[in-house]
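Student: Starting off with a structure, shown below.
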Amino acid sequence: MAKLIDGKAVSAKVKAEAAEEVKVLKAGGITPGLAVIIVGDDPASHIYVNNKKKACAATGIHSEEYALPADTTQEELLALVKELNEKEDIHGILVQSPLPDGLDESAVVEAIDPLKDVDAFHAYNVGRIMIGNYRFLPCTPAGVIELIRSTGVEIAGKNCVVIGRSNIVGKPMAMLLLHNNGTVTICHSRTKNLKEICRSADILVSAVGKAHFVTADMVKEGAVVIDVGMNRDENGKLCGDVDFDAVESLASHITPVPGGVGPMTIAMLMKNTVTAAKLQNGIA
Ligand SMILES: Nc1nc(=O)c2c([nH]1)NC[C@@H]1CN(c3ccc(C(=O)N[C@@H](CCC(=O)O)C(=O)O)cc3)C=[N+]21
């Protein structure tokens, strides 16, 4: 039986560390501030944004939410980003993804001041991650690295397989595993022999977005299995990509959904907002 990786516990630790840093910054007259922009009324997005707001309150970070209607124009959105770029009490700007159809998400992200880009989605920050000389790490992949570290399993020299090649999870995830000296394979919809490649993984990270995608025959005995998926099953219940009940008996460590990667994403966002406040005040 696999050991459960407790994302709630690890994220609580990261948030507590961020809260300590916030205390020190506040004593010096700096209150880290995060602005979250959400466009439209996707219910899941509103839940995530609400979780971010709660985490800010618990950490002592000032937060502002900009909830815009679905018919917001590109110009209006860009004007808001520009205003927040110039706002001195805001150190981090996050534009909740996905944006409604008709809005150009990458143009909006590129408009964010890279020093305030706490998602690390801006091309400038992505480039710095590629080089290995970064200020912010993207929240979800960075959270996954923390979860793997919490198991005590070394990444160096291990076969790491990432399923999914998105700009926000798969690609940066592979890069962070590489920085940690893993031997990394990225799988995607055109990959041949997916099962065999996954079965070679000592560390398997799934970021596909399909319930029950990772089945027991894709997992090597003793593997560390990290589930980035955030899906609904047939009964409308929140679940990841991994067929948890079947894989649990094979893996050495496994993340649950909920309570795995999700809370870590939010904790790393708190950490990045603190880093942003330090950078903008010449402290880091
Ligand atoms: N600019 C941007 N940055 C993001 O970081 C970003 C985004 N857009 N768009 C959507 C994804 C998704 N995401 C989640 C964060 C927390 C949970 C989370 O807290 N999950 C809880 C359960 C939440 C629930 O009950 O639905 C858990 O797994 O335990 C989930 C998903 C951040 N994202």
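Chain labels A, B, ... are given in the sequence in which chains occur in the structure tokens; within each chain residues are numbered consecutively from 1, and ligands are likewise numbered from 1 in the order shown.
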List every residue of segment 166-198 of chain A that DSSP, applied to the backbone of this structure, assigns to strand (DSSP E), and report them as a list in words.
Tutor: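 Taking segment 166-198 of chain A and keeping strand (DSSP E) only, one gets Thr183, Val184, Thr185, Ile186 and Cys187 of chain A.
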Student: Write the residues of the selection above to a file with N, CA and C atoms, as a PDB file, in the first residue's frame.
Tutor:
```pdb
ATOM      1  N   THR A 183      16.144  12.104 -14.987  1.00  0.00           N
ATOM      2  CA  THR A 183      16.190  11.771 -16.418  1.00  0.00           C
ATOM      3  C   THR A 183      14.742  11.827 -16.891  1.00  0.00           C
ATOM      4  N   VAL A 184      14.448  12.837 -17.721  1.00  0.00           N
ATOM      5  CA  VAL A 184      13.044  13.206 -17.919  1.00  0.00           C
ATOM      6  C   VAL A 184      12.517  12.831 -19.300  1.00  0.00           C
ATOM      7  N   THR A 185      11.336  12.261 -19.325  1.00  0.00           N
ATOM      8  CA  THR A 185      10.611  11.991 -20.574  1.00  0.00           C
ATOM      9  C   THR A 185       9.273  12.714 -20.509  1.00  0.00           C
ATOM     10  N   ILE A 186       8.927  13.402 -21.584  1.00  0.00           N
ATOM     11  CA  ILE A 186       7.614  14.048 -21.663  1.00  0.00           C
ATOM     12  C   ILE A 186       6.746  13.250 -22.624  1.00  0.00           C
ATOM     13  N   CYS A 187       5.575  12.822 -22.149  1.00  0.00           N
ATOM     14  CA  CYS A 187       4.627  12.099 -22.995  1.00  0.00           C
ATOM     15  C   CYS A 187       3.444  12.998 -23.313  1.00  0.00           C
TER      16      CYS A 187
END
```
Student: Determine, for each residue of chain A having at least one atom at most 6 Å from an atom of ligand 1, the closest pair of atoms and their separation in Å to one decimal, counting only C-alpha atoms and all ligand atoms; order by chain and ascending number, as JSON lines.
Tutor:
```
{"residue": "A:Tyr48", "atom": "CA", "partner": "ligand 1", "partner_atom_place_in_ligand_line": "16 (C)", "distance": 5.1}
{"residue": "A:Leu94", "atom": "CA", "partner": "ligand 1", "partner_atom_place_in_ligand_line": "1 (N)", "distance": 5.2}
{"residue": "A:Val95", "atom": "CA", "partner": "ligand 1", "partner_atom_place_in_ligand_line": "1 (N)", "distance": 4.7}
{"residue": "A:Gln96", "atom": "CA", "partner": "ligand 1", "partner_atom_place_in_ligand_line": "8 (N)", "distance": 3.8}
{"residue": "A:Ser97", "atom": "CA", "partner": "ligand 1", "partner_atom_place_in_ligand_line": "8 (N)", "distance": 3.8}
{"residue": "A:Asp119", "atom": "CA", "partner": "ligand 1", "partner_atom_place_in_ligand_line": "3 (N)", "distance": 5.8}
{"residue": "A:Val257", "atom": "CA", "partner": "ligand 1", "partner_atom_place_in_ligand_line": "28 (O)", "distance": 5.2}
{"residue": "A:Pro258", "atom": "CA", "partner": "ligand 1", "partner_atom_place_in_ligand_line": "29 (O)", "distance": 3.4}
{"residue": "A:Gly259", "atom": "CA", "partner": "ligand 1", "partner_atom_place_in_ligand_line": "29 (O)", "distance": 3.6}
{"residue": "A:Gly260", "atom": "CA", "partner": "ligand 1", "partner_atom_place_in_ligand_line": "28 (O)", "distance": 5.6}
{"residue": "A:Val261", "atom": "CA", "partner": "ligand 1", "partner_atom_place_in_ligand_line": "28 (O)", "distance": 5.9}
{"residue": "A:Gly262", "atom": "CA", "partner": "ligand 1", "partner_atom_place_in_ligand_line": "28 (O)", "distance": 3.6}
{"residue": "A:Pro263", "atom": "CA", "partner": "ligand 1", "partner_atom_place_in_ligand_line": "19 (O)", "distance": 4.6}
{"residue": "A:Thr265", "atom": "CA", "partner": "ligand 1", "partner_atom_place_in_ligand_line": "15 (C)", "distance": 5.6}
{"residue": "A:Ile266", "atom": "CA", "partner": "ligand 1", "partner_atom_place_in_ligand_line": "16 (C)", "distance": 5.7}
```
Student: Save out the residues we just selected, C-alpha atoms, as a PDB file, in the first residue's frame.
Tutor:
```pdb
ATOM      1  CA  TYR A  48      -9.931  28.341  -6.938  1.00  0.00           C
ATOM      2  CA  LEU A  94      -2.515  36.692 -11.455  1.00  0.00           C
ATOM      3  CA  VAL A  95      -4.951  36.406 -14.333  1.00  0.00           C
ATOM      4  CA  GLN A  96      -7.036  33.319 -13.713  1.00  0.00           C
ATOM      5  CA  SER A  97      -6.942  30.901 -16.622  1.00  0.00           C
ATOM      6  CA  ASP A 119       2.491  32.534 -11.889  1.00  0.00           C
ATOM      7  CA  VAL A 257      -7.130  14.556  -5.228  1.00  0.00           C
ATOM      8  CA  PRO A 258      -8.303  16.656  -3.500  1.00  0.00           C
ATOM      9  CA  GLY A 259      -5.652  17.319  -0.877  1.00  0.00           C
ATOM     10  CA  GLY A 260      -2.539  16.758  -3.014  1.00  0.00           C
ATOM     11  CA  VAL A 261      -1.171  19.115  -5.629  1.00  0.00           C
ATOM     12  CA  GLY A 262      -4.045  21.681  -5.473  1.00  0.00           C
ATOM     13  CA  PRO A 263      -3.224  23.061  -2.013  1.00  0.00           C
ATOM     14  CA  THR A 265      -0.241  25.362  -5.978  1.00  0.00           C
ATOM     15  CA  ILE A 266      -1.819  27.901  -3.684  1.00  0.00           C
TER      16      ILE A 266
END
```
Student: Show me, as a list in words, the residues that have an atom within 10 Å of segment 230-240 of chain A when counting only C-alpha atoms, minus same-chain residues fewer than 4 positions from it.
Tutor: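 Selected residues are Ala44, Ser206, Ala207, Val208, Gly209, Lys210, Ala211, His212, Phe213, Val214, Ile226, Phe244, Thr255, Pro256, Val257, Pro258, Gly260, Val261 and Gly262 of chain A.
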Student: I'd like the contact shell of Arg128 of chain A - 12 Å cut-off, only C-alpha atoms, skipping same-chain residues fewer than 4 positions apart - returned as a list in words.
Tutor: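 My list of contacting residues is Pro114, Ala120, Phe121, His122, Ala123, Tyr124, Gly132, Asn133, Tyr134, Arg135, Phe136, Leu137, Pro138, Pro172, Met175 and Leu176 of chain A.
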Student: Name the residues of segment 45-283 of chain A that come out as alpha helix (DSSP H) in a backbone DSSP run; write them as an MDAnalysis selection string.
Tutor: chainID A and resid 45:59 74:86 105:111 123:131 139:151 170:179 194:199 244:247 261:280
Student: Under the rule that only C-alpha atoms are counted, which of A:Asn85, A:Leu279, A:Asp241, A:Pro100 is the nearest residue to Leu68 of chain A?
Tutor: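 Ranked by minimum distance to Leu68 of chain A, first place goes to A:Pro100.
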Student: Please, what distance in Å, to one decimal, runs between atom CA of Cys198 of chain A and atom CA of Pro98 of chain A?
Tutor: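 Those two atoms sit 28.5 Å apart.
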Student: Please provide the set of residues having any atom within 12 Å of Ala276 of chain A, restricted to only C-alpha atoms, with same-chain residues fewer than 4 positions apart removed, written as a ChimeraX atom specification.
Tutor: /A:18,22,25,30-34,61,88-93,113-120,135-137,269-272,280-284
Student: How far is it from atom CA of Ser11 of chain A to atom CA of Glu248 of chain A, in Å with one decimal?
Tutor: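 Interatomic distance here is 21.7 Å.
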Student: Which residue gives the smallest distance to Lys171 of chain A among A:Met268, A:Leu78, A:Ile129, A:Val219, with only C-alpha atoms counted?
Tutor: A:Ile129
Student: Go through A:Ile38, A:Ile254, A:Ala2, A:Cys56 one by one, measure the shortest atom-to-atom distance of each to Val81 of chain A using only C-alpha atoms, and give the residue with the smallest value.
Tutor: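 Nearest to Val81 of chain A: A:Ile38.
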Student: With distances taken over only C-alpha atoms, which of A:Glu21, A:Thr215, A:Asn125, A:Met130 is nearest to Thr275 of chain A?
Tutor: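 The closest residue to Thr275 of chain A is A:Glu21.
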Student: Would you please work out which residue, of A:Ile37, A:Ile112, A:Ile168, A:Ile145, is nearest to Leu99 of chain A when using only C-alpha atoms?
Tutor: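 Closest to Leu99 of chain A, using only C-alpha atoms: A:Ile37.
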Student: Compare A:Ala156, A:Leu80, A:Ala55, A:Ala246 by their minimum atom-to-atom distance to Ala216 of chain A, counting only C-alpha atoms, and give me the closest one.
Tutor: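 Selected residue with least distance to Ala216 of chain A: A:Ala246.
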Student: Please indicate the distance in Å from atom CA of Gly7 of chain A to atom CA of Asp217 of chain A, rounded to one decimal place.
Tutor: 25.2 Å
Student: Write out as number ranges by chain each polymer residue whose atoms come within 12 Å of Asp202 of chain A, counting only C-alpha atoms; drop sequence neighbours fewer than 2 positions from it.
Tutor: A: 148, 153-162, 182-185, 197-200, 204-205, 218-226, 250-253
Student: Can you write just those residues out, C-alpha atoms, as a PDB file, in the first residue's frame?
Tutor:
```
ATOM      1  CA  ILE A 148       8.361  14.709  -4.041  1.00  0.00           C
ATOM      2  CA  VAL A 153      12.816   9.960  -2.499  1.00  0.00           C
ATOM      3  CA  GLU A 154      15.775  11.448  -4.416  1.00  0.00           C
ATOM      4  CA  ILE A 155      15.004  12.856  -7.867  1.00  0.00           C
ATOM      5  CA  ALA A 156      18.619  12.762  -9.075  1.00  0.00           C
ATOM      6  CA  GLY A 157      19.229   9.933 -11.523  1.00  0.00           C
ATOM      7  CA  LYS A 158      15.630   8.718 -11.472  1.00  0.00           C
ATOM      8  CA  ASN A 159      13.477   8.085 -14.510  1.00  0.00           C
ATOM      9  CA  CYS A 160      10.878  10.832 -14.368  1.00  0.00           C
ATOM     10  CA  VAL A 161       7.936  10.703 -16.754  1.00  0.00           C
ATOM     11  CA  VAL A 162       5.624  13.675 -17.211  1.00  0.00           C
ATOM     12  CA  GLY A 182      16.123  13.598 -13.075  1.00  0.00           C
ATOM     13  CA  THR A 183      16.190  11.771 -16.418  1.00  0.00           C
ATOM     14  CA  VAL A 184      13.044  13.206 -17.919  1.00  0.00           C
ATOM     15  CA  THR A 185      10.611  11.991 -20.574  1.00  0.00           C
ATOM     16  CA  ILE A 197       7.236   4.551 -21.035  1.00  0.00           C
ATOM     17  CA  CYS A 198       5.089   5.263 -17.993  1.00  0.00           C
ATOM     18  CA  ARG A 199       5.950   1.858 -16.583  1.00  0.00           C
ATOM     19  CA  SER A 200       9.636   2.814 -16.722  1.00  0.00           C
ATOM     20  CA  LEU A 204       5.349   9.619 -12.638  1.00  0.00           C
ATOM     21  CA  VAL A 205       3.630  13.014 -12.907  1.00  0.00           C
ATOM     22  CA  MET A 218       1.014   2.078 -16.482  1.00  0.00           C
ATOM     23  CA  VAL A 219       2.680   2.166 -13.084  1.00  0.00           C
ATOM     24  CA  LYS A 220       5.858   0.438 -11.963  1.00  0.00           C
ATOM     25  CA  GLU A 221       5.792  -1.122  -8.538  1.00  0.00           C
ATOM     26  CA  GLY A 222       7.316   1.266  -6.001  1.00  0.00           C
ATOM     27  CA  ALA A 223       6.923   4.387  -8.177  1.00  0.00           C
ATOM     28  CA  VAL A 224       6.144   7.839  -6.793  1.00  0.00           C
ATOM     29  CA  VAL A 225       2.874   8.936  -8.438  1.00  0.00           C
ATOM     30  CA  ILE A 226       1.896  12.612  -8.548  1.00  0.00           C
ATOM     31  CA  LEU A 250       1.430  -0.441  -6.516  1.00  0.00           C
ATOM     32  CA  ALA A 251       2.974   2.956  -5.848  1.00  0.00           C
ATOM     33  CA  SER A 252       5.362   3.688  -2.983  1.00  0.00           C
ATOM     34  CA  HIS A 253       3.899   7.180  -2.583  1.00  0.00           C
TER      35      HIS A 253
END
```
